[in-house]
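Content type mmCIF, C-alpha atoms and all ligand atoms, from the file protein_31.cif:
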```cif
data_my_file
loop_
_atom_site.label_atom_id
_atom_site.label_comp_id
_atom_site.auth_asym_id
_atom_site.auth_seq_id
_atom_site.Cartn_x
_atom_site.Cartn_y
_atom_site.Cartn_z
CA MET A 1 130.62 87.20 116.39
CA GLN A 2 129.43 87.13 119.95
CA GLY A 3 126.50 88.17 122.07
CA SER A 4 122.75 88.29 121.95
CA VAL A 5 120.83 89.86 119.08
CA THR A 6 117.11 90.60 119.35
CA VAL A 7 115.80 91.02 115.81
CA PRO A 8 112.64 93.07 115.07
CA GLY A 9 109.07 91.78 114.86
CA ASP A 10 107.77 89.48 112.16
CA LYS A 11 106.72 91.26 108.97
CA SER A 12 104.04 88.77 107.92
CA VAL A 13 102.43 88.73 111.36
CA SER A 14 102.58 92.54 111.68
CA HIS A 15 100.78 93.08 108.32
CA ARG A 16 98.05 90.62 109.25
CA ALA A 17 97.60 91.89 112.80
CA LEU A 18 96.89 95.37 111.43
CA MET A 19 94.54 94.19 108.71
CA LEU A 20 92.42 92.02 110.98
CA ALA A 21 92.42 94.53 113.84
CA VAL A 22 91.05 97.33 111.63
CA ILE A 23 88.01 95.29 110.53
CA ALA A 24 87.40 93.83 114.00
CA GLU A 25 84.90 95.13 116.55
CA GLY A 26 86.74 96.90 119.36
CA THR A 27 90.29 97.92 120.21
CA SER A 28 93.32 95.69 119.61
CA HIS A 29 96.77 96.21 121.07
CA ILE A 30 99.68 94.96 118.94
CA ARG A 31 103.07 94.49 120.64
CA GLY A 32 106.32 93.70 118.89
CA PHE A 33 104.98 95.35 115.70
CA LEU A 34 107.66 95.63 113.00
CA GLU A 35 108.58 99.31 112.51
CA GLY A 36 109.66 98.48 108.96
CA GLU A 37 108.79 100.49 105.89
CA ASP A 38 106.51 97.74 104.53
CA THR A 39 104.38 97.42 107.65
CA ARG A 40 104.30 101.16 108.24
CA ALA A 41 103.05 101.58 104.68
CA THR A 42 100.20 99.18 105.48
CA ALA A 43 99.41 101.13 108.66
CA ALA A 44 99.36 104.38 106.67
CA VAL A 45 97.02 102.87 104.06
CA LEU A 46 94.62 101.65 106.75
CA ALA A 47 94.69 105.08 108.43
CA GLN A 48 93.80 106.60 105.03
CA LEU A 49 90.76 104.30 105.04
CA GLY A 50 89.50 106.03 108.17
CA VAL A 51 90.89 103.85 110.97
CA ARG A 52 92.44 105.40 114.09
CA ILE A 53 95.77 103.68 114.75
CA GLU A 54 97.81 104.97 117.68
CA THR A 55 101.53 104.45 118.29
CA PRO A 56 102.05 104.68 122.07
CA SER A 57 105.70 103.68 121.58
CA ALA A 58 107.91 102.14 118.89
CA GLY A 59 106.77 98.57 118.21
CA GLU A 60 103.30 99.16 119.63
CA ARG A 61 100.03 99.93 117.89
CA VAL A 62 96.59 100.46 119.33
CA VAL A 63 94.05 99.86 116.58
CA HIS A 64 90.48 101.12 116.97
CA GLY A 65 88.65 98.60 114.82
CA VAL A 66 85.76 99.81 112.67
CA GLY A 67 84.14 96.45 112.01
CA LEU A 68 83.81 94.55 108.73
CA HIS A 69 81.95 97.36 106.95
CA GLY A 70 83.39 100.43 108.67
CA LEU A 71 86.28 101.33 106.34
CA ARG A 72 85.83 104.59 104.38
CA GLY A 73 87.03 105.11 100.83
CA THR A 74 89.47 107.77 99.67
CA THR A 75 90.14 109.21 96.23
CA LEU A 76 93.88 109.33 97.02
CA PRO A 77 96.05 106.39 95.92
CA LEU A 78 96.99 103.89 98.62
CA ASP A 79 100.77 103.49 98.60
CA CYS A 80 102.00 100.01 99.59
CA GLY A 81 105.64 101.03 99.13
CA ASN A 82 107.87 97.99 98.57
CA ALA A 83 105.46 95.44 100.07
CA GLY A 84 104.12 92.58 97.99
CA THR A 85 102.36 91.27 101.09
CA GLY A 86 100.72 94.64 101.70
CA MET A 87 99.45 95.05 98.15
CA ARG A 88 98.22 91.49 97.62
CA LEU A 89 96.45 91.15 100.95
CA LEU A 90 94.91 94.61 100.64
CA ALA A 91 93.62 93.70 97.16
CA GLY A 92 91.63 90.90 98.80
CA LEU A 93 90.41 93.08 101.64
CA LEU A 94 89.43 95.97 99.38
CA ALA A 95 87.65 93.76 96.83
CA GLY A 96 84.88 93.33 99.40
CA GLN A 97 84.34 97.03 100.17
CA ALA A 98 81.59 99.32 98.92
CA PHE A 99 84.08 101.92 97.61
CA ASP A 100 86.73 102.08 94.88
CA SER A 101 90.44 102.14 95.69
CA ARG A 102 93.75 102.42 93.87
CA LEU A 103 96.79 100.51 95.16
CA ILE A 104 100.21 101.74 94.07
CA GLY A 105 103.79 100.77 94.95
CA ASP A 106 107.44 101.69 94.43
CA ALA A 107 109.59 100.82 91.39
CA SER A 108 110.25 97.26 92.61
CA LEU A 109 106.64 96.48 93.59
CA SER A 110 105.42 97.97 90.30
CA LYS A 111 107.17 95.11 88.49
CA ARG A 112 105.68 92.28 90.55
CA PRO A 113 102.95 89.97 89.20
CA MET A 114 99.44 90.65 90.46
CA ARG A 115 97.36 88.32 88.24
CA ARG A 116 97.97 85.60 90.81
CA VAL A 117 95.55 87.54 93.05
CA THR A 118 93.40 89.44 90.56
CA ASP A 119 92.44 86.32 88.54
CA PRO A 120 91.03 84.27 91.45
CA LEU A 121 89.50 87.40 93.00
CA ALA A 122 87.71 88.01 89.67
CA ARG A 123 86.34 84.47 89.92
CA MET A 124 84.86 85.52 93.27
CA GLY A 125 83.14 88.44 91.51
CA ALA A 126 85.71 91.19 92.20
CA ARG A 127 86.56 93.81 89.58
CA ILE A 128 90.20 94.82 89.66
CA ASP A 129 92.03 96.53 86.80
CA SER A 130 95.81 96.34 86.52
CA ARG A 131 98.44 97.47 84.03
CA ASP A 132 98.77 94.15 82.17
CA GLY A 133 98.92 92.23 85.43
CA LEU A 134 101.19 94.75 87.17
CA PRO A 135 100.41 97.51 89.71
CA PRO A 136 98.75 99.94 90.08
CA LEU A 137 95.60 98.01 90.96
CA ASP A 138 92.23 99.72 90.59
CA VAL A 139 89.81 97.89 92.84
CA HIS A 140 86.17 98.60 92.03
CA GLY A 141 84.01 98.42 95.11
CA GLY A 142 80.39 97.45 95.49
CA GLN A 143 80.78 94.06 93.79
CA PRO A 144 78.95 91.17 95.41
CA LEU A 145 81.50 88.42 96.12
CA ARG A 146 80.84 84.69 96.21
CA GLY A 147 83.05 82.03 97.73
CA ILE A 148 85.06 79.72 95.45
CA ARG A 149 87.10 76.57 95.77
CA TYR A 150 90.55 77.41 94.46
CA GLU A 151 93.59 75.24 93.93
CA LEU A 152 96.60 77.55 94.01
CA PRO A 153 98.86 77.05 90.97
CA VAL A 154 101.91 78.17 93.03
CA ALA A 155 102.52 77.92 96.77
CA SER A 156 101.81 81.47 97.98
CA ALA A 157 100.65 82.58 101.40
CA GLN A 158 99.92 86.01 99.95
CA VAL A 159 97.46 84.67 97.39
CA LYS A 160 95.86 82.36 99.95
CA SER A 161 95.50 85.25 102.40
CA ALA A 162 94.06 87.65 99.81
CA LEU A 163 91.35 85.10 98.97
CA LEU A 164 90.58 84.39 102.62
CA LEU A 165 90.21 88.12 103.32
CA ALA A 166 87.87 88.50 100.33
CA GLY A 167 86.07 85.39 101.58
CA LEU A 168 85.08 87.27 104.75
CA TYR A 169 82.88 89.44 102.51
CA ALA A 170 81.63 86.65 100.23
CA THR A 171 78.47 84.62 100.32
CA GLY A 172 79.13 80.92 100.81
CA GLU A 173 82.38 79.07 101.34
CA THR A 174 85.86 80.04 100.23
CA GLU A 175 88.16 77.03 100.12
CA ILE A 176 91.88 77.11 99.30
CA ILE A 177 94.03 74.11 98.42
CA GLU A 178 97.79 74.63 98.19
CA PRO A 179 100.33 72.63 96.18
CA HIS A 180 102.61 72.85 99.24
CA PRO A 181 101.63 74.20 102.64
CA THR A 182 102.59 77.84 103.21
CA ARG A 183 102.71 80.06 106.30
CA ASP A 184 99.34 79.93 108.05
CA TYR A 185 99.35 83.21 109.98
CA THR A 186 96.15 84.46 108.38
CA GLU A 187 94.29 81.28 109.31
CA ARG A 188 95.62 81.24 112.90
CA MET A 189 94.88 84.91 113.38
CA LEU A 190 91.38 84.73 111.91
CA ALA A 191 90.63 81.97 114.39
CA ALA A 192 92.12 84.04 117.22
CA PHE A 193 89.91 87.00 116.23
CA GLY A 194 86.91 84.67 116.48
CA TRP A 195 86.12 83.90 112.82
CA PRO A 196 85.14 80.26 112.27
CA ILE A 197 87.76 78.71 109.98
CA VAL A 198 88.83 75.17 109.25
CA PHE A 199 92.47 74.74 108.34
CA ALA A 200 95.27 72.21 108.14
CA PRO A 201 98.62 72.32 106.31
CA GLY A 202 97.80 72.99 102.64
CA HIS A 203 94.09 73.62 103.16
CA ALA A 204 91.83 76.39 104.50
CA LYS A 205 88.09 76.94 104.40
CA LEU A 206 85.82 79.68 105.76
CA GLU A 207 82.46 81.26 104.99
CA GLY A 208 81.24 84.86 105.01
CA GLY A 209 78.75 86.38 107.41
CA HIS A 210 80.57 86.35 110.76
CA LEU A 211 82.42 89.06 112.66
CA LEU A 212 85.90 89.60 114.07
CA ARG A 213 86.40 90.50 117.71
CA ALA A 214 89.35 92.70 118.71
CA ARG A 215 92.19 91.04 120.56
CA ASP A 216 95.77 91.72 121.51
CA VAL A 217 98.57 90.33 119.35
CA ASP A 218 102.16 89.61 120.43
CA VAL A 219 104.35 89.57 117.34
CA PRO A 220 107.36 87.20 117.55
CA ALA A 221 110.81 88.19 116.25
CA ASP A 222 111.12 87.60 112.51
CA PHE A 223 112.87 84.34 111.55
CA SER A 224 113.74 85.90 108.18
CA SER A 225 115.70 88.66 109.93
CA ALA A 226 117.34 86.14 112.27
CA ALA A 227 118.44 84.24 109.14
CA PHE A 228 121.27 86.70 108.38
CA PHE A 229 122.77 86.11 111.83
CA LEU A 230 122.32 82.33 111.60
CA VAL A 231 124.45 82.35 108.45
CA ALA A 232 126.88 84.99 109.72
CA ALA A 233 127.69 83.17 112.97
CA SER A 234 127.88 79.83 111.15
CA ILE A 235 130.57 81.05 108.76
CA VAL A 236 132.69 83.32 111.01
CA PRO A 237 135.19 81.26 113.06
CA GLY A 238 134.86 81.57 116.83
CA SER A 239 131.24 82.79 116.74
CA ALA A 240 128.57 82.10 119.35
CA LEU A 241 125.37 84.09 119.03
CA ARG A 242 121.99 83.96 120.75
CA LEU A 243 118.81 85.15 119.02
CA PRO A 244 115.98 85.36 121.58
CA GLY A 245 112.23 85.05 120.97
CA VAL A 246 112.31 84.09 117.29
CA GLY A 247 109.08 82.90 115.62
CA LEU A 248 109.46 79.21 114.73
CA ASN A 249 106.31 78.54 112.73
CA PRO A 250 107.26 75.34 110.86
CA ARG A 251 106.35 76.97 107.53
CA ARG A 252 109.16 79.48 108.11
CA THR A 253 112.07 77.45 109.43
CA GLY A 254 113.29 75.63 106.31
CA LEU A 255 116.62 77.46 106.57
CA LEU A 256 117.22 75.82 109.93
CA GLN A 257 116.93 72.42 108.27
CA ALA A 258 119.02 73.51 105.29
CA LEU A 259 121.86 74.87 107.43
CA ARG A 260 121.82 71.79 109.66
CA LEU A 261 122.08 69.59 106.55
CA MET A 262 125.15 71.66 105.66
CA GLY A 263 126.69 70.95 109.06
CA ALA A 264 125.62 74.04 111.03
CA ASP A 265 125.54 74.05 114.83
CA ILE A 266 122.21 75.65 115.75
CA THR A 267 120.15 74.74 118.79
CA VAL A 268 116.74 75.91 119.93
CA GLU A 269 116.32 76.77 123.61
CA HIS A 270 113.30 77.79 125.71
CA GLU A 271 110.77 76.65 123.13
CA ARG A 272 107.42 78.13 124.10
CA GLU A 273 104.23 79.58 122.68
CA ALA A 274 103.67 83.33 122.41
CA GLY A 275 100.66 84.93 120.77
CA GLY A 276 99.54 81.56 119.40
CA GLU A 277 102.88 80.97 117.62
CA PRO A 278 105.80 78.72 118.54
CA VAL A 279 108.87 80.77 119.50
CA GLY A 280 112.29 79.94 120.87
CA ASP A 281 115.82 81.26 121.41
CA LEU A 282 118.22 80.24 118.66
CA VAL A 283 121.83 79.61 119.61
CA VAL A 284 124.25 79.41 116.71
CA ARG A 285 127.94 78.57 116.81
CA HIS A 286 130.53 78.52 114.06
CA ALA A 287 130.78 75.22 112.19
CA ALA A 288 132.42 74.04 108.98
CA LEU A 289 129.68 74.01 106.33
CA HIS A 290 129.55 71.72 103.32
CA GLY A 291 127.43 71.91 100.17
CA VAL A 292 124.17 69.97 99.81
CA GLU A 293 121.49 69.10 97.30
CA LEU A 294 118.68 71.07 98.90
CA PRO A 295 115.46 69.01 99.21
CA GLU A 296 112.81 70.70 97.05
CA SER A 297 110.19 70.02 99.68
CA ILE A 298 111.65 72.65 102.04
CA VAL A 299 111.81 75.44 99.44
CA PRO A 300 108.48 77.12 100.38
CA ASP A 301 109.46 76.92 104.07
CA MET A 302 112.52 79.07 103.44
CA ILE A 303 111.42 81.16 100.47
CA ASP A 304 112.71 84.47 101.91
CA GLU A 305 115.92 82.97 103.26
CA PHE A 306 117.52 82.00 99.94
CA PRO A 307 119.67 85.12 99.58
CA ALA A 308 121.27 84.30 102.96
CA LEU A 309 121.58 80.61 102.03
CA PHE A 310 123.39 81.56 98.79
CA ILE A 311 126.10 83.22 100.90
CA ALA A 312 126.44 80.14 103.13
CA ALA A 313 126.70 77.93 100.03
CA ALA A 314 129.27 80.21 98.40
CA VAL A 315 131.69 79.77 101.32
CA ALA A 316 130.87 76.11 102.14
CA SER A 317 133.07 73.29 100.92
CA GLY A 318 131.71 71.60 97.79
CA ARG A 319 128.66 72.17 95.66
CA THR A 320 125.15 73.24 96.62
CA VAL A 321 122.28 72.54 94.24
CA ILE A 322 119.00 74.46 94.52
CA ARG A 323 115.96 73.40 92.50
CA GLY A 324 112.24 74.18 92.53
CA ALA A 325 112.74 77.79 93.58
CA ALA A 326 111.47 79.69 90.49
CA GLU A 327 109.34 81.89 92.78
CA LEU A 328 112.58 83.65 93.75
CA ARG A 329 112.48 85.31 90.36
CA VAL A 330 109.38 87.37 91.25
CA LYS A 331 110.38 88.78 94.63
CA GLU A 332 111.59 92.36 95.28
CA SER A 333 114.20 91.49 92.64
CA ASP A 334 114.89 88.35 90.63
CA ARG A 335 116.73 86.83 93.56
CA ILE A 336 118.38 84.05 91.56
CA ALA A 337 119.80 86.55 89.06
CA THR A 338 120.76 89.21 91.60
CA MET A 339 122.47 86.76 93.95
CA ALA A 340 124.28 85.10 91.05
CA ALA A 341 125.47 88.47 89.69
CA GLY A 342 126.60 89.65 93.13
CA LEU A 343 128.40 86.43 94.00
CA ARG A 344 130.16 86.43 90.64
CA ALA A 345 131.27 90.00 91.28
CA LEU A 346 132.88 88.68 94.47
CA GLY A 347 134.67 85.92 92.55
CA ALA A 348 132.33 82.97 93.29
CA ARG A 349 131.48 80.23 90.78
CA ILE A 350 127.73 79.93 90.36
CA GLU A 351 125.50 78.67 87.57
CA GLU A 352 121.95 79.94 87.29
CA THR A 353 119.18 77.53 86.31
CA PRO A 354 115.57 78.51 85.52
CA ASP A 355 114.42 77.41 88.99
CA GLY A 356 117.55 77.59 91.11
CA ALA A 357 121.33 77.57 91.01
CA ILE A 358 124.42 75.45 91.37
CA ILE A 359 126.84 77.14 93.73
CA HIS A 360 130.47 76.01 93.96
CA GLY A 361 131.73 76.89 97.42
CA GLY A 362 135.12 78.50 97.99
CA ARG A 363 136.56 81.83 99.05
CA LEU A 364 135.05 85.22 98.29
CA ALA A 365 137.20 88.11 97.16
CA GLY A 366 135.94 91.63 97.81
CA GLY A 367 134.18 93.80 95.26
CA ALA A 368 131.06 95.82 94.50
CA VAL A 369 127.54 94.39 94.27
CA ASP A 370 124.12 95.88 93.53
CA SER A 371 121.16 95.43 95.85
CA HIS A 372 118.60 95.96 93.03
CA LEU A 373 116.32 97.74 95.56
CA ASP A 374 116.03 94.45 97.44
CA HIS A 375 116.50 94.54 101.23
CA ARG A 376 117.38 90.86 101.54
CA ILE A 377 120.03 91.07 98.81
CA ALA A 378 121.69 94.04 100.56
CA MET A 379 121.72 92.29 103.96
CA SER A 380 123.00 89.01 102.50
CA PHE A 381 125.99 90.73 100.97
CA ALA A 382 126.65 92.44 104.31
CA VAL A 383 127.06 88.87 105.66
CA ALA A 384 129.40 88.04 102.75
CA GLY A 385 131.53 91.01 103.81
CA LEU A 386 132.33 89.22 107.08
CA VAL A 387 134.32 86.51 105.33
CA ALA A 388 135.44 88.05 102.03
CA ASP A 389 139.16 88.66 101.53
CA ALA A 390 138.58 92.38 100.93
CA ALA A 391 135.76 94.88 101.51
CA VAL A 392 132.35 94.29 99.93
CA ARG A 393 130.67 97.45 98.71
CA ILE A 394 126.88 97.23 98.46
CA ASN A 395 125.36 99.79 96.13
CA ASP A 396 122.06 101.26 97.36
CA CYS A 397 121.09 99.95 100.77
CA SER A 398 118.09 102.27 101.00
CA HIS A 399 115.60 99.39 101.15
CA VAL A 400 117.02 97.56 104.18
CA ALA A 401 114.47 99.23 106.48
CA THR A 402 111.73 97.53 104.46
CA SER A 403 111.99 94.54 106.79
CA PHE A 404 114.85 95.31 109.18
CA PRO A 405 115.09 98.79 110.66
CA GLY A 406 118.26 99.15 112.73
CA PHE A 407 120.11 96.38 110.86
CA VAL A 408 123.40 98.28 110.70
CA THR A 409 123.51 99.20 114.41
CA LEU A 410 122.46 95.73 115.55
CA SER A 411 124.96 94.03 113.23
CA ASN A 412 127.87 96.25 114.19
CA GLY A 413 127.05 95.53 117.83
CA CYS A 414 127.78 91.83 117.43
CA GLY A 415 130.81 91.80 115.17
CA PHE A 416 129.96 93.17 111.71
CA ASP A 417 131.91 96.15 110.42
CA LEU A 418 129.38 98.01 108.26
CA ARG A 419 130.29 101.55 107.28
CA ASP A 420 128.77 104.17 105.02
CA ALA A 421 130.52 104.22 101.66
CA ASP A 422 132.05 107.53 100.60
O1 LIG A 501 102.30 86.00 103.17
C1 LIG A 501 103.37 86.57 103.49
O2 LIG A 501 103.44 87.33 104.48
C2 LIG A 501 104.55 86.33 102.66
C3 LIG A 501 104.55 85.30 101.76
C4 LIG A 501 105.67 85.01 100.85
O3 LIG A 501 105.34 85.46 99.55
P1 LIG A 501 104.49 84.55 98.50
O4 LIG A 501 103.11 84.45 99.00
O5 LIG A 501 104.57 85.35 97.22
O6 LIG A 501 105.21 83.25 98.43
C5 LIG A 501 106.96 85.70 101.30
O7 LIG A 501 107.91 85.65 100.27
C6 LIG A 501 106.72 87.12 101.73
O8 LIG A 501 107.90 87.70 102.21
C7 LIG A 501 105.71 87.22 102.84
C1 LIG A 502 109.23 88.76 99.38
C2 LIG A 502 109.23 89.55 100.44
O1 LIG A 502 108.22 90.43 100.80
P1 LIG A 502 106.99 90.98 99.98
O2 LIG A 502 106.52 89.93 99.03
O3 LIG A 502 105.97 91.32 101.02
O4 LIG A 502 107.46 92.23 99.28
C3 LIG A 502 110.35 89.52 101.40
O5 LIG A 502 110.25 90.19 102.44
O6 LIG A 502 111.37 88.85 101.16
#
```

Go through the file and emit its structure as structure tokens.
Ligand SMILES: O=C(O)C1=C[C@@H](OP(=O)(O)O)[C@@H](O)[C@H](O)C1
Ligand SMILES: C=C(OP(=O)(O)O)C(=O)O
Amino acid sequence: MQGSVTVPGDKSVSHRALMLAVIAEGTSHIRGFLEGEDTRATAAVLAQLGVRIETPSAGERVVHGVGLHGLRGTTLPLDCGNAGTGMRLLAGLLAGQAFDSRLIGDASLSKRPMRRVTDPLARMGARIDSRDGLPPLDVHGGQPLRGIRYELPVASAQVKSALLLAGLYATGETEIIEPHPTRDYTERMLAAFGWPIVFAPGHAKLEGGHLLRARDVDVPADFSSAAFFLVAASIVPGSALRLPGVGLNPRRTGLLQALRLMGADITVEHEREAGGEPVGDLVVRHAALHGVELPESIVPDMIDEFPALFIAAAVASGRTVIRGAAELRVKESDRIATMAAGLRALGARIEETPDGAIIHGGRLAGGAVDSHLDHRIAMSFAVAGLVADAAVRINDCSHVATSFPGFVTLSNGCGFDLRDAD
């Protein structure tokens, strides 16, 4: 694999840029916006709530903010598609509005746990009905919210962000303490939009009663999308690949550490700051990988990169042990189970544990795997196809555009051989 691959904009940053821009005063220009299905679903929901969002060109949005209290309700359901981030953050934002709303999602999102947001939001005074903790969510507006101090039971940037967004509408202080620091885009962006907020790794605190001022946002390339190429170039002999302008927020780059522990050759060049975030060009060359006992402390920093890591581990020499990653079971699919099933179908030896897996590295044969409506599972097995002895057939790739529109074209341009199945 050779060349330079510019991956699309960061999904987490794109969701947040939209949400803050719509409730800011004035017009915000977002560049590098991810044209993925998840972030477009969020844009469509916000447009349904009465906000004018223009698309001057692909990857650009001009958002005409309506201020903290300018959103308008709709009787139509708000469809978050496949996006856990969209639904959970919107639940927080909508809890503070004067109108009722209904949040719905696709088959995968409809199975994902929502009590993690509805319970603490209820403690703030919100009224949200769910179907036994699952979507759809019926958010009852007009509820006075009060700030709370909340210790998150699991490390989740989505839960933290939902509570911070509700906290904008609450009286008093909202304070979040995390068991392990998670991505801090909401905190950084609130500060950039002019809302007073105190935050440090694992802690955030704000109070209601201020306003957000429009500003422009430059979205960095998504590390989670770069992850597939980091693994691909590491495992394909002779590879040298450059990935320019990738977001390197330390709460996202655990895979870099994990791959380096396994022997990968990845360097960061032109480290700089863009849009308030650290970014850099990643240069990855083939290297012989070996298995590792993954330090549990880096799990939250690479939570979306595990499907790609499973592929690296399956072709590394020796055994890789993953622990402390039970959250993988409540993503777009149960990512421990779906990766284990897919790797077994390709002839790998892998044992599932409740919070991880033990992967015995070796060769992969070809075969057929299911994506389980999960974009990251589909893309990870595309990487497996680069080194398997025979073709890998991935059933149902329809969700890849959730986070990575153009994945097939970009991948085939640097050495993949992805074809439509007959
Ligand atoms: O806040 C975010 O943008 C995200 C947080 C993570 O989820 P959790 O908060 O459930 O860990 C991550 O898996 C997801 O892809 C995006
Ligand atoms: C877990 C993910 O996203 P979300 O929770 O927003 O669906 C992901 O993109 O891997």

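Note that the spacing between CA of Gly26 (chain A) and CA of Leu190 (chain A) amounts to 15.0 Å.
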
Pairwise distance for CA of Pro136 (chain A) and atom C1 of ligand LIG 502 (chain A), rounded to one decimal in Å: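 Pair CA of Pro136 (chain A) / atom C1 of ligand LIG 502 (chain A) returns 17.9 Å.
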
Which residue, A:Arg419, A:Lys205, A:Lys160, A:Arg72, has the smallest gap to ligand LIG 501 (chain A) when you use only C-alpha atoms and all ligand atoms? A:Lys160

Counting all atoms listed in the file, closest pick from A:Gly86, A:Pro307, A:Pro354, A:Gly254 relative to Pro295 (chain A) is A:Gly254

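For Pro278 (chain A), the non-local neighbours within 7 Å, defined as residues at least 4 positions apart in the same chain or in other chains and counting only C-alpha atoms, are Gly247, Leu248, Asn249, Arg272, Glu273 and Ala274 of chain A.
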
Please return as an mmCIF file with C-alpha atoms, keeping the file's coordinate frame the residues found within 10 Å of ligand LIG 502 (chain A), counting all atoms listed in the file.
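The resulting pocket02.cif:
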```
data_model
loop_
_atom_site.group_PDB
_atom_site.id
_atom_site.type_symbol
_atom_site.label_atom_id
_atom_site.label_comp_id
_atom_site.auth_asym_id
_atom_site.auth_seq_id
_atom_site.Cartn_x
_atom_site.Cartn_y
_atom_site.Cartn_z
ATOM 1 C CA LYS A 11 106.720 91.260 108.970
ATOM 2 C CA SER A 12 104.040 88.770 107.920
ATOM 3 C CA HIS A 15 100.780 93.080 108.320
ATOM 4 C CA ASP A 38 106.510 97.740 104.530
ATOM 5 C CA THR A 39 104.380 97.420 107.650
ATOM 6 C CA CYS A 80 102.000 100.010 99.590
ATOM 7 C CA GLY A 81 105.640 101.030 99.130
ATOM 8 C CA ASN A 82 107.870 97.990 98.570
ATOM 9 C CA ALA A 83 105.460 95.440 100.070
ATOM 10 C CA GLY A 84 104.120 92.580 97.990
ATOM 11 C CA THR A 85 102.360 91.270 101.090
ATOM 12 C CA GLY A 86 100.720 94.640 101.700
ATOM 13 C CA MET A 87 99.450 95.050 98.150
ATOM 14 C CA ARG A 88 98.220 91.490 97.620
ATOM 15 C CA LEU A 89 96.450 91.150 100.950
ATOM 16 C CA SER A 108 110.250 97.260 92.610
ATOM 17 C CA LEU A 109 106.640 96.480 93.590
ATOM 18 C CA ARG A 112 105.680 92.280 90.550
ATOM 19 C CA SER A 156 101.810 81.470 97.980
ATOM 20 C CA ALA A 157 100.650 82.580 101.400
ATOM 21 C CA GLN A 158 99.920 86.010 99.950
ATOM 22 C CA SER A 224 113.740 85.900 108.180
ATOM 23 C CA SER A 225 115.700 88.660 109.930
ATOM 24 C CA ILE A 303 111.420 81.160 100.470
ATOM 25 C CA ASP A 304 112.710 84.470 101.910
ATOM 26 C CA GLU A 305 115.920 82.970 103.260
ATOM 27 C CA PHE A 306 117.520 82.000 99.940
ATOM 28 C CA PRO A 307 119.670 85.120 99.580
ATOM 29 C CA GLU A 327 109.340 81.890 92.780
ATOM 30 C CA LEU A 328 112.580 83.650 93.750
ATOM 31 C CA VAL A 330 109.380 87.370 91.250
ATOM 32 C CA LYS A 331 110.380 88.780 94.630
ATOM 33 C CA GLU A 332 111.590 92.360 95.280
ATOM 34 C CA SER A 333 114.200 91.490 92.640
ATOM 35 C CA ARG A 335 116.730 86.830 93.560
ATOM 36 C CA ASP A 374 116.030 94.450 97.440
ATOM 37 C CA HIS A 375 116.500 94.540 101.230
ATOM 38 C CA ARG A 376 117.380 90.860 101.540
ATOM 39 C CA ILE A 377 120.030 91.070 98.810
ATOM 40 C CA THR A 402 111.730 97.530 104.460
ATOM 41 C CA SER A 403 111.990 94.540 106.790
ATOM 42 C CA PHE A 404 114.850 95.310 109.180
#
```

Neighbours of region 227-241 of chain A within 9 Å (all atoms listed in the file; same-chain residues fewer than 5 positions away dropped), as a PyMOL selection string? chain A and resi 1-5+222+255-256+259+264-266+282-289+305+308-309+311-312+315-316+376+379-380+382-384+386-387+411+414+416

Extract, using all atoms listed in the file, all DNA, RNA and protein residues at most 7 Å from Ser110 (chain A), discarding same-chain residues fewer than 5 positions from it, and format them as a short mmCIF file (atom, residue, chain, number, x, y, z; two decimals) with C-alpha atoms, in the frame of the given file.
```
data_model
loop_
_atom_site.label_atom_id
_atom_site.label_comp_id
_atom_site.auth_asym_id
_atom_site.auth_seq_id
_atom_site.Cartn_x
_atom_site.Cartn_y
_atom_site.Cartn_z
CA GLY A 105 103.79 100.77 94.95
CA LEU A 134 101.19 94.75 87.17
CA PRO A 135 100.41 97.51 89.71
CA PRO A 136 98.75 99.94 90.08
#
```

Residue list as a ChimeraX atom specification for point (135.7, 92.2, 100.3), cut-off 9 Å, all atoms listed in the file: /A:346,364-368,384-393

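Of the residues under consideration (A:Gly92, A:Gly276, A:Pro144, A:Pro300), A:Pro300 shows the shortest atom-to-atom contact distance to ligand LIG 501 (chain A) when counting all atoms listed in the file.
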
For ligand LIG 501 (chain A), which residue among A:Ala226, A:Leu211, A:Val159, A:Val299 is the nearest when counting all atoms listed in the file?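 Smallest separation from ligand LIG 501 (chain A) among the options: A:Val159.
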
Name all residues at most 7 Å from region 197-203 of chain A (count all atoms listed in the file; drop same-chain ones fewer than 4 positions away) and give them as a list in words. Ile176, Ile177, Glu178, Pro179, His180, Pro181, Thr182, Glu187 and Ala191 of chain A

Report, in Å with one decimal, the straight-line distance from CA of Leu212 (chain A) to CA of Ala21 (chain A). 8.2 Å

Protein/DNA/RNA residues near (94.3, 80.2, 91.7), cut 9 Å, all atoms listed in the file, as a ChimeraX atom specification: /A:116-117,119-121,150-154,159-160,176

Which one of A:Arg344, A:Arg251, A:Arg183, A:Arg242 sits closest to ligand LIG 501 (chain A) if you count all atoms listed in the file? A:Arg183

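Among the candidates A:Gly318, A:Gly356, A:Pro113, A:Pro244, the residue lying nearest to ligand LIG 501 (chain A) is A:Pro113 (atoms considered: only C-alpha atoms and all ligand atoms).
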
Could you pull the residues within 7 Å of Ala98 (chain A), counting only C-alpha atoms, minus those fewer than 2 positions along the same chain, as a list in words?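 Here the answer would be Gly96, Gly141 and Gly142 of chain A.
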